[in-house]
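Visitor: Data file input-v8.cif (mmCIF, C-alpha atoms and all ligand atoms) is appended below.
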```
data_coords
loop_
_atom_site.label_atom_id
_atom_site.label_comp_id
_atom_site.auth_asym_id
_atom_site.auth_seq_id
_atom_site.Cartn_x
_atom_site.Cartn_y
_atom_site.Cartn_z
CA GLU A 1 15.18 -52.60 0.75
CA PRO A 2 17.85 -53.04 3.43
CA PRO A 3 18.95 -49.85 5.22
CA THR A 4 21.89 -48.09 3.59
CA THR A 5 25.17 -48.50 5.42
CA ILE A 6 28.49 -46.75 4.94
CA GLY A 7 31.84 -47.03 6.65
CA LEU A 8 32.34 -44.51 9.45
CA PRO A 9 33.58 -41.97 10.04
CA VAL A 10 32.90 -40.00 6.89
CA VAL A 11 34.26 -36.46 6.95
CA LEU A 12 32.82 -33.49 5.05
CA ILE A 13 35.13 -30.62 4.14
CA GLY A 14 34.78 -27.53 1.96
CA PRO A 15 34.16 -23.80 2.10
CA MET A 16 31.59 -21.89 4.11
CA GLY A 17 28.18 -22.26 2.52
CA ALA A 18 28.86 -25.52 0.70
CA GLY A 19 26.25 -27.29 2.82
CA LYS A 20 28.49 -29.33 5.11
CA SER A 21 26.12 -29.07 8.07
CA ARG A 22 22.89 -29.63 6.13
CA VAL A 23 24.29 -32.52 4.09
CA GLY A 24 26.03 -34.01 7.12
CA ALA A 25 22.87 -34.00 9.23
CA ARG A 26 20.82 -35.59 6.44
CA LEU A 27 23.49 -38.17 5.63
CA ALA A 28 23.81 -39.14 9.29
CA ALA A 29 20.04 -39.53 9.61
CA SER A 30 19.82 -41.64 6.49
CA VAL A 31 22.50 -44.12 7.63
CA GLY A 32 21.53 -44.05 11.32
CA ALA A 33 24.85 -42.55 12.43
CA PRO A 34 25.56 -39.74 14.88
CA PHE A 35 26.31 -36.36 13.34
CA ILE A 36 29.10 -34.14 14.64
CA ASP A 37 29.50 -30.55 13.49
CA THR A 38 32.84 -29.29 14.77
CA ASP A 39 31.71 -25.64 14.72
CA ALA A 40 28.85 -26.59 17.04
CA ARG A 41 31.27 -28.47 19.31
CA VAL A 42 33.56 -25.42 19.49
CA GLU A 43 30.58 -23.21 20.34
CA GLY A 44 29.37 -25.67 22.97
CA ARG A 45 32.69 -25.45 24.78
CA TYR A 46 33.93 -21.93 24.04
CA GLY A 47 30.91 -19.86 23.02
CA PRO A 48 29.94 -18.18 19.74
CA ILE A 49 32.60 -18.39 17.02
CA ASP A 50 32.28 -14.73 16.05
CA GLN A 51 33.04 -13.79 19.67
CA ILE A 52 36.08 -16.06 19.76
CA PHE A 53 37.39 -14.32 16.63
CA THR A 54 36.72 -10.87 18.07
CA ARG A 55 38.06 -11.47 21.55
CA GLU A 56 40.88 -14.01 21.09
CA GLY A 57 41.58 -13.90 17.37
CA GLU A 58 41.70 -16.43 14.55
CA GLU A 59 44.93 -18.07 15.70
CA TYR A 60 43.38 -18.96 19.04
CA PHE A 61 40.24 -20.18 17.28
CA ARG A 62 42.36 -22.57 15.15
CA ILE A 63 43.90 -24.05 18.30
CA VAL A 64 40.58 -24.76 19.99
CA GLU A 65 39.09 -25.90 16.69
CA ARG A 66 41.90 -28.44 16.31
CA GLU A 67 41.20 -29.78 19.81
CA LEU A 68 37.54 -30.40 18.97
CA VAL A 69 38.35 -31.80 15.51
CA ALA A 70 40.84 -34.26 17.00
CA GLU A 71 38.18 -35.49 19.43
CA ALA A 72 35.52 -35.72 16.73
CA LEU A 73 37.65 -37.76 14.34
CA HIS A 74 37.71 -40.67 16.81
CA ALA A 75 33.93 -41.08 16.57
CA GLU A 76 32.03 -43.47 14.31
CA ALA A 77 29.98 -40.63 12.94
CA VAL A 78 29.35 -38.31 10.04
CA ILE A 79 31.60 -35.34 10.81
CA SER A 80 31.48 -31.92 9.18
CA LEU A 81 34.50 -29.69 9.70
CA GLY A 82 34.59 -25.90 9.74
CA GLY A 83 35.82 -24.56 6.40
CA GLY A 84 39.25 -23.65 7.75
CA ALA A 85 39.89 -26.74 9.86
CA VAL A 86 42.13 -28.16 7.12
CA LEU A 87 44.56 -25.28 7.72
CA HIS A 88 45.92 -27.25 10.67
CA ALA A 89 48.67 -29.67 9.64
CA ASP A 90 47.66 -32.27 12.24
CA THR A 91 44.13 -32.30 10.82
CA ARG A 92 45.44 -32.74 7.28
CA ARG A 93 47.51 -35.67 8.48
CA ASP A 94 44.49 -37.25 10.21
CA LEU A 95 42.33 -36.80 7.11
CA ALA A 96 44.83 -38.52 4.85
CA ASP A 97 43.70 -41.85 6.32
CA LEU A 98 39.94 -41.19 6.40
CA PRO A 99 37.13 -41.11 3.80
CA VAL A 100 36.72 -37.42 2.94
CA VAL A 101 34.06 -35.68 0.85
CA TRP A 102 34.80 -32.21 -0.54
CA LEU A 103 31.58 -30.26 -0.95
CA GLN A 104 32.07 -27.51 -3.50
CA VAL A 105 29.80 -24.58 -4.28
CA SER A 106 29.86 -21.76 -6.81
CA ALA A 107 30.16 -18.14 -5.68
CA ASP A 108 26.69 -17.43 -7.10
CA ALA A 109 25.05 -20.16 -5.07
CA VAL A 110 26.92 -19.27 -1.91
CA ALA A 111 25.88 -15.62 -2.14
CA ALA A 112 22.27 -16.66 -1.74
CA ARG A 113 22.97 -19.18 1.04
CA LEU A 114 25.14 -17.02 3.26
CA ALA A 115 23.08 -13.84 3.11
CA GLY A 116 22.35 -12.62 6.62
CA GLY A 117 24.63 -15.16 8.25
CA ASN A 118 26.97 -14.91 11.19
CA ARG A 119 30.41 -15.71 9.79
CA PRO A 120 33.29 -13.56 11.00
CA LEU A 121 35.51 -14.25 7.99
CA LEU A 122 32.87 -12.78 5.68
CA ALA A 123 32.06 -9.75 7.83
CA GLY A 124 34.29 -7.30 5.95
CA GLY A 125 34.71 -8.46 2.39
CA GLY A 126 31.63 -10.54 1.65
CA LEU A 127 31.73 -12.56 -1.53
CA THR A 128 35.09 -11.23 -2.70
CA ARG A 129 36.64 -12.45 0.50
CA TRP A 130 34.81 -15.79 0.28
CA THR A 131 36.18 -16.29 -3.24
CA ALA A 132 39.74 -15.46 -2.22
CA ILE A 133 39.60 -17.85 0.74
CA GLN A 134 38.05 -20.59 -1.37
CA GLU A 135 40.68 -20.26 -4.11
CA GLU A 136 43.48 -20.37 -1.58
CA ARG A 137 42.11 -23.50 0.09
CA ALA A 138 40.91 -25.38 -2.98
CA PRO A 139 44.24 -27.20 -3.52
CA VAL A 140 44.19 -28.33 0.10
CA TYR A 141 40.62 -29.61 -0.15
CA ALA A 142 41.51 -31.33 -3.43
CA SER A 143 44.52 -33.07 -1.93
CA LEU A 144 42.38 -34.56 0.87
CA ALA A 145 39.22 -35.48 -1.03
CA ASP A 146 38.23 -39.03 -1.95
CA LEU A 147 34.97 -37.76 -3.45
CA THR A 148 34.15 -34.26 -4.76
CA ILE A 149 30.59 -32.99 -5.21
CA ASP A 150 29.44 -29.61 -6.49
CA THR A 151 26.40 -28.80 -4.35
CA SER A 152 25.41 -25.64 -6.25
CA ARG A 153 22.53 -27.13 -8.20
CA ARG A 154 21.94 -30.40 -6.42
CA SER A 155 19.35 -31.26 -3.79
CA VAL A 156 20.54 -32.41 -0.39
CA ALA A 157 18.84 -35.76 -1.04
CA ARG A 158 20.81 -36.26 -4.27
CA ILE A 159 24.11 -35.34 -2.58
CA VAL A 160 23.43 -37.80 0.23
CA GLU A 161 22.69 -40.46 -2.37
CA GLN A 162 25.98 -39.80 -4.17
CA ILE A 163 27.92 -40.11 -0.92
CA THR A 164 26.24 -43.35 0.13
CA GLU A 165 26.77 -44.82 -3.35
CA HIS A 166 30.46 -44.02 -3.20
CA PHE A 167 31.44 -45.25 0.27
C1 LIG B 1 35.57 -20.77 8.91
C2 LIG B 1 34.42 -21.48 8.65
C3 LIG B 1 33.33 -21.60 9.62
C4 LIG B 1 33.85 -21.44 11.05
C5 LIG B 1 34.64 -20.19 11.19
C6 LIG B 1 35.83 -20.13 10.21
C7 LIG B 1 36.60 -20.72 7.86
O1 LIG B 1 32.75 -22.87 9.46
O2 LIG B 1 34.60 -22.55 11.44
O3 LIG B 1 33.77 -19.11 10.98
O4 LIG B 1 37.76 -20.39 8.17
O5 LIG B 1 36.30 -21.04 6.68
P1 LIG B 1 31.76 -23.27 8.23
O6 LIG B 1 32.62 -23.71 7.10
O7 LIG B 1 30.96 -24.39 8.80
O8 LIG B 1 30.96 -22.06 7.91
#
```
Using structure tokens, write down the structure from this file.

Guide:
Amino acid sequence: EPPTTIGLPVVLIGPMGAGKSRVGARLAASVGAPFIDTDARVEGRYGPIDQIFTREGEEYFRIVERELVAEALHAEAVISLGGGAVLHADTRRDLADLPVVWLQVSADAVAARLAGGNRPLLAGGGLTRWTAIQEERAPVYASLADLTIDTSRRSVARIVEQITEHF
């Protein structure tokens, strides 16, 4: 069989715990593309995200996040965005012209995945907060998505297959 190819970039969006980083890394490997995780890029330049939230606040985080997202979107790569990156209007405008996958996940599945994690937005309210954030952002994700996949009960391999079949 010939190697699978897809048009690049492909951008993964969706809430915390939907599997954007895991799926993105596996998708990139399977099509021989670079993988860019914008959270990792932010941390590489500015340090741990939870510290940015604590010291400078979320508004500052969104500004530096936008800077790294804007750089990433120029690359021929698989790109996974932080869950809140779509809050920035410039990012929404950029994504309107790009192939975008919305990875969804149920609250039940996310509870298991995010246990013990290091996510500042979940620090206080846990799953209740996650659900509120997800419901607020769902219409934004929906408006940007060319393909929507519920990752709750699917293997990473199957999700990667669905993405490569679609694009
Ligand atoms: C955030 C999601 C995180 C990270 C930051 C804020 C959000 O990324 O960017 O903690 O606002 O949903 P992941 O979606 O990769 O967890």

Visitor: Could you give me the residues within 7 Å of ligand LIG 1 (chain B), counting all atoms listed in the file, as an MDAnalysis selection string?

Guide: chainID A and resid 14:17 20:21 39 49:50 81:85 119:121

Visitor: Could you write out the selected residues, including C-alpha atoms, as a short mmCIF file (atom, residue, chain, number, x, y, z; two decimals), in the frame of the given file?

Guide:
```cif
data_model
loop_
_atom_site.label_atom_id
_atom_site.label_comp_id
_atom_site.auth_asym_id
_atom_site.auth_seq_id
_atom_site.Cartn_x
_atom_site.Cartn_y
_atom_site.Cartn_z
CA GLY A 14 34.78 -27.53 1.96
CA PRO A 15 34.16 -23.80 2.10
CA MET A 16 31.59 -21.89 4.11
CA GLY A 17 28.18 -22.26 2.52
CA LYS A 20 28.49 -29.33 5.11
CA SER A 21 26.12 -29.07 8.07
CA ASP A 39 31.71 -25.64 14.72
CA ILE A 49 32.60 -18.39 17.02
CA ASP A 50 32.28 -14.73 16.05
CA LEU A 81 34.50 -29.69 9.70
CA GLY A 82 34.59 -25.90 9.74
CA GLY A 83 35.82 -24.56 6.40
CA GLY A 84 39.25 -23.65 7.75
CA ALA A 85 39.89 -26.74 9.86
CA ARG A 119 30.41 -15.71 9.79
CA PRO A 120 33.29 -13.56 11.00
CA LEU A 121 35.51 -14.25 7.99
#
```

Visitor: Grab the atom CA of Ser152 of chain A to atom CA of Asp108 of chain A distance for me, in Å with one decimal place.

Guide: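 One can read the atom CA of Ser152 of chain A to atom CA of Asp108 of chain A distance as 8.4 Å.
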
Visitor: Excluding Ile52 of chain A and its own-chain neighbours fewer than 5 positions away, which residues fall within 10 Å of it when counting only C-alpha atoms? Please give them as a PyMOL selection string.

Guide: chain A and resi 42-43+46-47+57-61+64+120

Visitor: Excluding His166 of chain A and its own-chain neighbours fewer than 3 positions away, which residues fall within 8 Å of it when counting only C-alpha atoms? Please give them as a PyMOL selection string.

Guide: chain A and resi 147+162-163

Visitor: For a quick check of understanding, using only C-alpha atoms, which of A:Arg55, A:Arg92, A:Arg62, A:Arg22 has the smallest distance to Val140 of chain A?

Guide: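 When distances to Val140 of chain A are compared using only C-alpha atoms, the smallest one comes from A:Arg92.
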
Visitor: I'd like the contact shell of Trp102 of chain A - 9 Å cut-off, all atoms listed in the file, skipping same-chain residues fewer than 3 positions apart - returned as a ChimeraX atom specification.

Guide: /A:11-15,20,141-142,144-150

Visitor: Can you spit out the residues from that selection as a short mmCIF file (atom, residue, chain, number, x, y, z; two decimals), in the frame of the given file, using C-alpha atoms?

Guide:
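In the end it all went to again.cif:
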```cif
data_model
loop_
_atom_site.label_atom_id
_atom_site.label_comp_id
_atom_site.auth_asym_id
_atom_site.auth_seq_id
_atom_site.Cartn_x
_atom_site.Cartn_y
_atom_site.Cartn_z
CA VAL A 11 34.26 -36.46 6.95
CA LEU A 12 32.82 -33.49 5.05
CA ILE A 13 35.13 -30.62 4.14
CA GLY A 14 34.78 -27.53 1.96
CA PRO A 15 34.16 -23.80 2.10
CA LYS A 20 28.49 -29.33 5.11
CA TYR A 141 40.62 -29.61 -0.15
CA ALA A 142 41.51 -31.33 -3.43
CA LEU A 144 42.38 -34.56 0.87
CA ALA A 145 39.22 -35.48 -1.03
CA ASP A 146 38.23 -39.03 -1.95
CA LEU A 147 34.97 -37.76 -3.45
CA THR A 148 34.15 -34.26 -4.76
CA ILE A 149 30.59 -32.99 -5.21
CA ASP A 150 29.44 -29.61 -6.49
#
```

Visitor: So the first atom is atom CA of Val78 of chain A and the second is atom CA of Gln134 of chain A; what is the distance between them in Å, to one decimal place?

Guide: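 A separation of 22.8 Å between them.
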
Visitor: What gap, in Å, lies between atom CA of Ala40 of chain A and atom CA of Leu27 of chain A?

Guide: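 Answer for the atom CA of Ala40 of chain A to atom CA of Leu27 of chain A separation: 17.1 Å.
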
Visitor: Missing atoms in segment 78-112 of chain A should be modelled up to N, CA and C atoms and reported as a compact mmCIF listing (two decimals), in the frame of the given file.

Guide:
```txt
# COMPACT_ATOMS: atom_id res chain seq x y z
N VAL A 78 29.18 -39.23 11.15
CA VAL A 78 29.35 -38.31 10.04
C VAL A 78 29.83 -37.01 10.66
N ILE A 79 30.95 -36.48 10.16
CA ILE A 79 31.60 -35.34 10.81
C ILE A 79 31.77 -34.22 9.79
N SER A 80 31.21 -33.05 10.07
CA SER A 80 31.48 -31.92 9.18
C SER A 80 32.42 -30.95 9.89
N LEU A 81 33.46 -30.57 9.15
CA LEU A 81 34.50 -29.69 9.70
C LEU A 81 34.23 -28.25 9.30
N GLY A 82 34.60 -27.30 10.13
CA GLY A 82 34.59 -25.90 9.74
C GLY A 82 35.48 -25.72 8.51
N GLY A 83 35.14 -24.74 7.68
CA GLY A 83 35.82 -24.56 6.40
C GLY A 83 37.33 -24.45 6.49
N GLY A 84 37.82 -23.87 7.61
CA GLY A 84 39.25 -23.65 7.75
C GLY A 84 39.97 -24.69 8.59
N ALA A 85 39.27 -25.74 8.98
CA ALA A 85 39.89 -26.74 9.86
C ALA A 85 41.09 -27.43 9.19
N VAL A 86 41.04 -27.50 7.86
CA VAL A 86 42.13 -28.16 7.12
C VAL A 86 43.41 -27.32 7.10
N LEU A 87 43.35 -26.11 7.64
CA LEU A 87 44.56 -25.28 7.72
C LEU A 87 45.55 -25.85 8.73
N HIS A 88 45.04 -26.68 9.64
CA HIS A 88 45.92 -27.25 10.67
C HIS A 88 46.59 -28.52 10.14
N ALA A 89 47.91 -28.55 10.21
CA ALA A 89 48.67 -29.67 9.64
C ALA A 89 48.30 -31.01 10.28
N ASP A 90 48.02 -31.02 11.58
CA ASP A 90 47.66 -32.27 12.24
C ASP A 90 46.32 -32.80 11.69
N THR A 91 45.42 -31.89 11.40
CA THR A 91 44.13 -32.30 10.82
C THR A 91 44.32 -32.85 9.41
N ARG A 92 45.17 -32.20 8.63
CA ARG A 92 45.44 -32.74 7.28
C ARG A 92 46.03 -34.15 7.36
N ARG A 93 46.91 -34.35 8.31
CA ARG A 93 47.51 -35.67 8.48
C ARG A 93 46.45 -36.71 8.88
N ASP A 94 45.57 -36.34 9.81
CA ASP A 94 44.49 -37.25 10.21
C ASP A 94 43.59 -37.60 9.02
N LEU A 95 43.29 -36.59 8.20
CA LEU A 95 42.33 -36.80 7.11
C LEU A 95 42.90 -37.64 5.99
N ALA A 96 44.21 -37.72 5.90
CA ALA A 96 44.83 -38.52 4.85
C ALA A 96 44.40 -39.98 4.93
N ASP A 97 44.06 -40.45 6.12
CA ASP A 97 43.70 -41.85 6.32
C ASP A 97 42.20 -42.08 6.42
N LEU A 98 41.39 -41.06 6.21
CA LEU A 98 39.94 -41.19 6.40
C LEU A 98 39.18 -40.89 5.09
N PRO A 99 37.95 -41.43 4.97
CA PRO A 99 37.13 -41.11 3.80
C PRO A 99 36.64 -39.66 3.90
N VAL A 100 37.00 -38.87 2.90
CA VAL A 100 36.72 -37.42 2.94
C VAL A 100 35.93 -37.01 1.70
N VAL A 101 34.86 -36.24 1.94
CA VAL A 101 34.06 -35.68 0.85
C VAL A 101 34.28 -34.17 0.82
N TRP A 102 34.65 -33.67 -0.34
CA TRP A 102 34.80 -32.21 -0.54
C TRP A 102 33.51 -31.69 -1.17
N LEU A 103 32.78 -30.89 -0.42
CA LEU A 103 31.58 -30.26 -0.95
C LEU A 103 31.97 -28.90 -1.51
N GLN A 104 31.76 -28.76 -2.82
CA GLN A 104 32.07 -27.51 -3.50
C GLN A 104 30.79 -26.70 -3.70
N VAL A 105 30.96 -25.42 -3.96
CA VAL A 105 29.80 -24.58 -4.28
C VAL A 105 30.29 -23.38 -5.09
N SER A 106 29.49 -22.93 -6.02
CA SER A 106 29.86 -21.76 -6.81
C SER A 106 29.65 -20.48 -5.99
N ALA A 107 30.32 -19.42 -6.37
CA ALA A 107 30.16 -18.14 -5.68
C ALA A 107 28.71 -17.64 -5.78
N ASP A 108 28.09 -17.84 -6.92
CA ASP A 108 26.69 -17.43 -7.10
C ASP A 108 25.77 -18.11 -6.08
N ALA A 109 25.92 -19.42 -5.97
CA ALA A 109 25.05 -20.16 -5.07
C ALA A 109 25.32 -19.79 -3.62
N VAL A 110 26.59 -19.57 -3.30
CA VAL A 110 26.92 -19.27 -1.91
C VAL A 110 26.41 -17.88 -1.50
N ALA A 111 26.36 -16.98 -2.44
CA ALA A 111 25.88 -15.62 -2.14
C ALA A 111 24.47 -15.69 -1.58
N ALA A 112 23.64 -16.52 -2.20
CA ALA A 112 22.27 -16.66 -1.74
C ALA A 112 22.22 -17.36 -0.37
```
